[in-house]
file query_19.txt (compact mmCIF, C-alpha atoms)
# COMPACT_ATOMS: atom_id res chain seq x y z
CA MET S 89 325.20 118.52 107.88
CA THR S 90 321.56 118.07 108.90
CA VAL S 91 321.09 116.99 112.50
CA ARG S 92 318.99 113.82 112.67
CA GLN S 93 315.88 113.97 114.87
CA PRO S 94 315.25 110.53 116.39
CA HIS S 95 311.71 109.26 116.87
CA PRO S 96 310.42 109.46 120.48
CA ILE S 97 310.35 105.64 120.69
CA GLU S 98 314.02 105.53 119.77
CA VAL S 99 314.80 108.16 122.41
CA ARG S 100 312.93 106.11 125.04
CA SER S 101 314.66 102.92 123.91
CA TYR S 102 318.06 104.53 124.47
CA GLU S 103 316.97 105.75 127.92
CA ILE S 104 316.01 102.21 128.89
CA LEU S 105 319.18 100.76 127.39
CA ARG S 106 321.36 103.23 129.32
CA SER S 107 319.51 102.45 132.56
CA ARG S 108 320.42 98.78 132.15
CA VAL S 109 324.02 98.95 130.92
CA ASP S 110 326.65 101.63 131.33
CA LEU S 111 328.75 101.98 128.20
CA SER S 112 330.09 105.43 129.11
CA PRO S 113 333.68 104.15 129.65
CA MET S 114 333.85 103.19 125.94
CA PRO S 115 335.36 105.58 123.40
CA PRO S 116 332.60 107.59 121.67
CA LEU S 117 332.28 105.80 118.32
CA TRP S 118 332.64 102.33 119.84
CA ARG S 119 329.91 103.27 122.29
CA ALA S 120 327.68 104.64 119.51
CA VAL S 121 328.05 101.45 117.46
CA THR S 122 327.46 99.16 120.43
CA GLU S 123 324.45 101.13 121.66
CA ARG S 124 322.83 101.12 118.22
CA ILE S 125 323.40 97.36 117.93
CA ILE S 126 321.81 96.85 121.36
CA HIS S 127 318.98 99.21 120.41
CA VAL S 128 318.03 97.20 117.29
CA SER S 129 318.53 93.77 118.91
CA ALA S 130 317.42 94.39 122.54
CA ASP S 131 320.39 92.17 123.41
CA LEU S 132 322.50 93.61 126.22
CA GLU S 133 325.18 90.94 125.75
CA TYR S 134 326.52 92.93 122.82
CA ALA S 135 327.98 95.28 125.45
CA VAL S 136 330.79 92.75 125.94
CA ASP S 137 330.58 90.99 122.56
CA VAL S 138 331.41 93.78 120.07
CA VAL S 139 335.08 94.04 119.14
CA THR S 140 336.63 97.00 117.32
CA ARG S 141 339.17 99.79 117.69
CA GLU S 142 338.25 103.45 117.92
CA ASP S 143 340.86 104.27 115.26
CA ASP S 144 339.18 101.82 112.88
CA LEU S 145 335.82 103.47 113.47
CA ARG S 146 337.29 106.93 112.93
CA ARG S 147 338.78 105.74 109.66
CA GLY S 148 335.41 104.34 108.58
CA LEU S 149 333.60 107.50 109.60
CA ALA S 150 336.05 109.69 107.69
CA ALA S 151 335.66 107.49 104.61
CA LEU S 152 331.86 107.68 104.79
CA ARG S 153 331.97 111.44 105.12
CA ALA S 154 334.27 111.58 102.10
CA GLY S 155 331.68 109.63 100.09
CA ALA S 156 333.18 106.12 100.18
CA PRO S 157 330.85 103.47 98.79
CA ILE S 158 329.13 100.98 101.07
CA VAL S 159 329.06 97.35 99.94
CA ALA S 160 326.65 94.90 101.59
CA ASP S 161 326.60 91.12 101.42
CA GLU S 162 322.83 90.90 100.96
CA GLY S 163 319.65 92.85 100.38
CA MET S 164 318.47 92.91 103.99
CA VAL S 165 321.64 94.78 104.98
CA VAL S 166 321.02 97.23 102.13
CA ALA S 167 317.44 97.74 103.34
CA GLY S 168 318.62 98.41 106.89
CA ILE S 169 321.13 101.13 106.00
CA THR S 170 318.88 104.14 106.08
CA ALA S 171 321.01 107.20 105.35
CA ARG S 172 322.94 106.08 102.25
CA ARG S 173 322.67 103.79 99.26
CA ALA S 174 324.63 100.55 99.50
CA VAL S 175 325.87 98.30 96.70
CA CYS S 176 325.00 94.59 96.71
CA ALA S 177 326.03 92.34 93.83
CA LEU S 178 324.48 89.12 95.18
CA ALA S 179 321.48 89.13 92.82
CA ASP S 180 323.40 90.26 89.73
CA PRO S 181 323.30 87.69 86.91
CA ASP S 182 327.08 88.11 86.49
CA THR S 183 327.55 86.96 90.07
CA GLY S 184 325.85 83.64 89.42
CA ARG S 185 327.89 83.10 86.27
CA LEU S 186 331.15 83.90 88.08
CA ALA S 187 330.26 81.58 90.97
CA ARG S 188 329.64 78.68 88.58
CA ALA S 189 332.71 79.37 86.45
CA ALA S 190 335.09 79.80 89.38
CA GLY S 191 333.54 77.07 91.54
CA ILE S 192 332.99 79.49 94.45
CA SER S 193 329.96 80.47 96.50
CA ARG S 194 327.63 83.12 95.17
CA GLU S 195 328.51 85.30 98.19
CA ALA S 196 332.23 85.13 97.37
CA ALA S 197 331.48 85.92 93.73
CA ALA S 198 329.40 88.91 94.82
CA VAL S 199 332.39 90.29 96.73
CA ARG S 200 334.57 89.96 93.63
CA ASN S 201 331.98 91.65 91.41
CA ALA S 202 331.33 94.45 93.89
CA TYR S 203 335.05 95.10 94.26
CA ALA S 204 335.36 95.39 90.48
CA GLU S 205 332.67 98.10 90.70
CA VAL S 206 333.81 100.09 93.76
CA GLY S 207 337.56 99.48 94.08
CA PRO S 208 339.57 100.13 97.24
CA GLY S 209 338.47 102.34 100.12
CA ALA S 210 334.88 101.11 100.47
CA LEU S 211 333.05 100.22 103.65
CA TRP S 212 332.18 96.49 103.50
CA VAL S 213 329.21 95.22 105.53
CA VAL S 214 328.50 91.53 106.17
CA GLY S 215 325.46 90.50 108.18
CA SER S 216 324.63 87.14 106.73
CA ALA S 217 327.35 85.26 104.86
CA PRO S 218 330.61 84.10 106.45
CA ALA S 219 331.72 83.19 102.90
CA ALA S 220 331.51 86.86 101.94
CA LEU S 221 333.58 87.82 104.97
CA ARG S 222 336.21 85.22 104.14
CA GLU S 223 336.39 86.50 100.54
CA ILE S 224 336.87 90.08 101.75
CA ILE S 225 339.77 88.87 103.88
CA ALA S 226 341.28 86.77 101.08
CA ARG S 227 340.92 89.45 98.37
CA ASP S 228 342.98 92.53 98.84
CA VAL S 229 339.97 94.89 98.84
CA ARG S 230 341.82 97.54 100.89
CA PRO S 231 338.71 98.55 102.85
CA ALA S 232 338.14 101.69 104.84
CA LEU S 233 336.32 99.44 107.32
CA VAL S 234 334.81 95.95 107.40
CA VAL S 235 331.66 95.52 109.46
CA GLY S 236 331.75 91.76 109.89
CA LEU S 237 328.72 90.61 111.87
CA PRO S 238 327.39 87.46 110.16
CA VAL S 239 325.08 85.29 112.20
CA GLY S 240 324.91 81.53 112.47
CA PHE S 241 326.25 78.29 113.87
CA VAL S 242 328.28 77.40 110.76
CA ASP S 243 331.51 79.39 110.41
CA ALA S 244 330.14 82.76 111.59
CA ALA S 245 332.22 83.01 114.78
CA ALA S 246 335.31 81.55 113.07
CA ALA S 247 335.04 83.95 110.12
CA LYS S 248 334.77 86.89 112.53
CA GLU S 249 337.82 85.61 114.40
CA ALA S 250 339.67 85.45 111.06
CA LEU S 251 338.64 89.04 110.36
CA ARG S 252 340.08 90.20 113.69
CA ALA S 253 343.30 88.27 113.01
CA SER S 254 343.61 89.75 109.51
CA GLY S 255 344.60 93.21 110.70
CA LEU S 256 341.93 94.82 108.52
CA PRO S 257 340.08 97.77 110.09
CA GLN S 258 336.97 96.14 111.47
CA VAL S 259 333.92 95.86 113.67
CA SER S 260 332.98 92.33 114.66
CA ASN S 261 331.72 90.32 117.59
CA VAL S 262 332.97 87.21 119.31
CA SER S 263 329.83 85.08 119.45
CA GLU S 264 327.70 83.41 116.78
CA LYS S 265 325.20 86.25 117.09
CA GLY S 266 324.91 88.95 114.46
CA GLY S 267 322.70 89.39 111.43
CA SER S 268 321.59 91.89 108.85
CA ALA S 269 319.86 94.28 111.26
CA VAL S 270 322.89 94.31 113.56
CA ALA S 271 325.34 94.91 110.70
CA ALA S 272 323.19 97.71 109.29
CA ALA S 273 322.90 99.23 112.78
CA ALA S 274 326.69 99.45 113.09
CA VAL S 275 326.86 101.37 109.81
CA ASN S 276 323.93 103.59 110.75
CA ALA S 277 325.68 104.48 114.01
CA LEU S 278 328.56 105.90 111.98
CA LEU S 279 326.29 107.59 109.46
CA TYR S 280 324.34 109.27 112.27
CA SER S 281 327.45 110.27 114.20
CA THR S 282 328.11 113.88 115.04
CA GLU S 283 331.67 113.10 116.19
CA ALA S 284 334.42 115.18 114.64
CA THR S 285 336.84 113.32 112.40
CA PRO S 286 340.58 114.01 112.40
call {"tool": "encode", "arguments": {"input": "query_19.txt", "output": "structure tokens"}}
result
Amino acid sequence: MTVRQPHPIEVRSYEILRSRVDLSPMPPLWRAVTERIIHVSADLEYAVDVVTREDDLRRGLAALRAGAPIVADEGMVVAGITARRAVCALADPDTGRLARAAGISREAAAVRNAYAEVGPGALWVVGSAPAALREIIARDVRPALVVGLPVGFVDAAAAKEALRASGLPQVSNVSEKGGSAVAAAAVNALLYSTEATP
């Protein structure tokens, strides 16, 4: 594995972040995910807003290292994941046809189409659409990990609460905050990790 060399600005950003909030009591992967989210958002409130379990993160990390596919809810999440290709079915013509035929949102249809392509064991990443997150929960996609960080005042916090209640392995946050950059950052934290996996 090649060791990633962060840009000097990123190094300085982490120094500032760590001078303002102490996340050292967190388990290592939870800390890495939270710090990367704070790094991309400059929002220190994520220190107490991110919810996950270290075992879930270890499972996701192991799956990524084994080559599990990454499925994103939209193109901005895909663009933000820097170390691996991610699948996004939102713009596929079949997705629009399925949405119309089934009377569901395009985001929910994209989840169904992506699952048909990747099958179980993928890492699912939602930064924009609560409807995609709800479809992941409703469909038995058997994920390695769900990064559920959609942003917004309409259903985002409730969908994330439903994800936590589902028992699926997950990373989420309690508030209405989130977004594509934040969701991609959580995945990048795992992709950049040098932690050993069991």
call {"tool": "atom_distance", "arguments": {"input": "query_19.txt", "atom1": "CA of Gly191 (chain S)", "atom2": "CA of Tyr203 (chain S)"}}
result
18.3 Å
call {"tool": "closest_residue", "arguments": {"input": "query_19.txt", "among": "S:Ile97, S:Glu283, S:Gly215, S:Thr183", "to": "Ala167 (chain S)", "atoms": "only C-alpha atoms"}}
result
S:Gly215
call {"tool": "closest_residue", "arguments": {"input": "query_19.txt", "among": "S:Ala217, S:Val262, S:Leu233, S:Ala154", "to": "Val136 (chain S)", "atoms": "all atoms listed in the file"}}
result
S:Val262
call {"tool": "residues_around", "arguments": {"input": "query_19.txt", "residues": "Tyr102 (chain S)", "least_positions_apart": "6", "cutoff": "10 Å", "atoms": "only C-alpha atoms", "output": "PyMOL selection string"}}
result
chain S and resi 96+108+123-124+126-127
call {"tool": "residues_near_point", "arguments": {"input": "query_19.txt", "point": "(322.6, 99.3, 113.5)", "cutoff": "9 Å", "atoms": "all atoms listed in the file", "output": "list in words"}}
result
Val121, Thr122, Glu123, Arg124, Ile125, Ile126, His127, Val128, Ser129, Gly168, Ile169, Ser268, Ala269, Val270, Ala271, Ala272, Ala273, Ala274, Val275, Asn276 and Ala277 of chain S
call {"tool": "closest_atom_pairs", "arguments": {"input": "query_19.txt", "of": "region 136-202 of chain S", "to": "region 235-245 of chain S", "cutoff": "10 Å", "atoms": "all atoms listed in the file", "output": "CSV"}}
result
residue,atom,partner,partner_atom,distance
S:Val138,CA,S:Leu237,CA,9.2
S:Thr140,CA,S:Val235,CA,9.4
S:Leu145,CA,S:Val235,CA,9.8
S:Gly148,CA,S:Val235,CA,9.6
S:Ala160,CA,S:Val235,CA,9.3
S:Asp161,CA,S:Pro238,CA,9.5
call {"tool": "residues_near_point", "arguments": {"input": "query_19.txt", "point": "(333.9, 111.6, 105.5)", "cutoff": "12 Å", "atoms": "all atoms listed in the file", "output": "VMD selection string"}}
result
chain S and resid 89 145 to 157 209 to 211 232 278 to 286
call {"tool": "write_last_selection", "arguments": {"input": "query_19.txt", "atoms": "C-alpha atoms", "output": "compact mmCIF listing (two decimals), in the frame of the given file"}}
result
# COMPACT_ATOMS: atom_id res chain seq x y z
CA MET S 89 325.20 118.52 107.88
CA LEU S 145 335.82 103.47 113.47
CA ARG S 146 337.29 106.93 112.93
CA ARG S 147 338.78 105.74 109.66
CA GLY S 148 335.41 104.34 108.58
CA LEU S 149 333.60 107.50 109.60
CA ALA S 150 336.05 109.69 107.69
CA ALA S 151 335.66 107.49 104.61
CA LEU S 152 331.86 107.68 104.79
CA ARG S 153 331.97 111.44 105.12
CA ALA S 154 334.27 111.58 102.10
CA GLY S 155 331.68 109.63 100.09
CA ALA S 156 333.18 106.12 100.18
CA PRO S 157 330.85 103.47 98.79
CA GLY S 209 338.47 102.34 100.12
CA ALA S 210 334.88 101.11 100.47
CA LEU S 211 333.05 100.22 103.65
CA ALA S 232 338.14 101.69 104.84
CA LEU S 278 328.56 105.90 111.98
CA LEU S 279 326.29 107.59 109.46
CA TYR S 280 324.34 109.27 112.27
CA SER S 281 327.45 110.27 114.20
CA THR S 282 328.11 113.88 115.04
CA GLU S 283 331.67 113.10 116.19
CA ALA S 284 334.42 115.18 114.64
CA THR S 285 336.84 113.32 112.40
CA PRO S 286 340.58 114.01 112.40
call {"tool": "closest_residue", "arguments": {"input": "query_19.txt", "among": "S:Glu133, S:Val175, S:Asp143, S:Ala253", "to": "Lys265 (chain S)", "atoms": "only C-alpha atoms"}}
result
S:Glu133
call {"tool": "atom_distance", "arguments": {"input": "query_19.txt", "atom1": "CA of Ile224 (chain S)", "atom2": "CA of Ala120 (chain S)"}}
result
24.7 Å
call {"tool": "closest_residue", "arguments": {"input": "query_19.txt", "among": "S:Ala187, S:Leu105, S:Met114, S:Ile158", "to": "Arg173 (chain S)", "atoms": "all atoms listed in the file"}}
result
S:Ile158
call {"tool": "atom_distance", "arguments": {"input": "query_19.txt", "atom1": "CA of Glu264 (chain S)", "atom2": "CA of Tyr134 (chain S)"}}
result
11.3 Å
call {"tool": "residues_around", "arguments": {"input": "query_19.txt", "residues": "Ala196 (chain S)", "least_positions_apart": "4", "cutoff": "7 Å", "atoms": "all atoms listed in the file", "output": "ChimeraX atom specification"}}
result
/S:192,200,219-220,223
call {"tool": "closest_residue", "arguments": {"input": "query_19.txt", "among": "S:Val166, S:Val139, S:Val206, S:Leu132", "to": "Pro257 (chain S)", "atoms": "only C-alpha atoms"}}
result
S:Val139
call {"tool": "decode", "arguments": {"input": "query_19.txt", "residues": "region 164-198 of chain S", "atoms": "C-alpha atoms", "output": "short mmCIF file (atom, residue, chain, number, x, y, z; two decimals), in the first residue's frame"}}
result
data_model
loop_
_atom_site.label_atom_id
_atom_site.label_comp_id
_atom_site.auth_asym_id
_atom_site.auth_seq_id
_atom_site.Cartn_x
_atom_site.Cartn_y
_atom_site.Cartn_z
CA MET S 164 -20.97 15.40 -6.28
CA VAL S 165 -20.31 12.54 -3.86
CA VAL S 166 -18.62 10.60 -6.67
CA ALA S 167 -16.45 13.64 -7.47
CA GLY S 168 -15.43 13.99 -3.82
CA ILE S 169 -14.24 10.41 -3.36
CA THR S 170 -10.67 10.76 -4.49
CA ALA S 171 -8.99 7.38 -4.10
CA ARG S 172 -11.52 5.05 -5.75
CA ARG S 173 -14.20 5.00 -8.42
CA ALA S 174 -17.77 5.12 -7.15
CA VAL S 175 -20.96 3.98 -8.89
CA CYS S 176 -23.89 6.39 -9.25
CA ALA S 177 -27.02 5.38 -11.16
CA LEU S 178 -28.91 8.67 -10.72
CA ALA S 179 -28.31 9.91 -14.28
CA ASP S 180 -28.85 6.54 -15.98
CA PRO S 181 -31.81 6.57 -18.41
CA ASP S 182 -33.03 3.30 -16.85
CA THR S 183 -33.32 5.07 -13.51
CA GLY S 184 -35.75 7.63 -14.88
CA ARG S 185 -37.83 4.92 -16.53
CA LEU S 186 -37.94 2.86 -13.33
CA ALA S 187 -38.91 5.91 -11.25
CA ARG S 188 -41.83 6.67 -13.57
CA ALA S 189 -42.98 3.06 -13.85
CA ALA S 190 -42.79 2.34 -10.12
CA GLY S 191 -44.04 5.76 -9.00
CA ILE S 192 -40.96 6.34 -6.83
CA SER S 193 -38.38 9.10 -6.63
CA ARG S 194 -35.45 9.06 -9.01
CA GLU S 195 -33.11 8.70 -6.01
CA ALA S 196 -34.93 5.57 -4.81
CA ALA S 197 -34.86 4.16 -8.34
CA ALA S 198 -31.12 4.84 -8.52
#
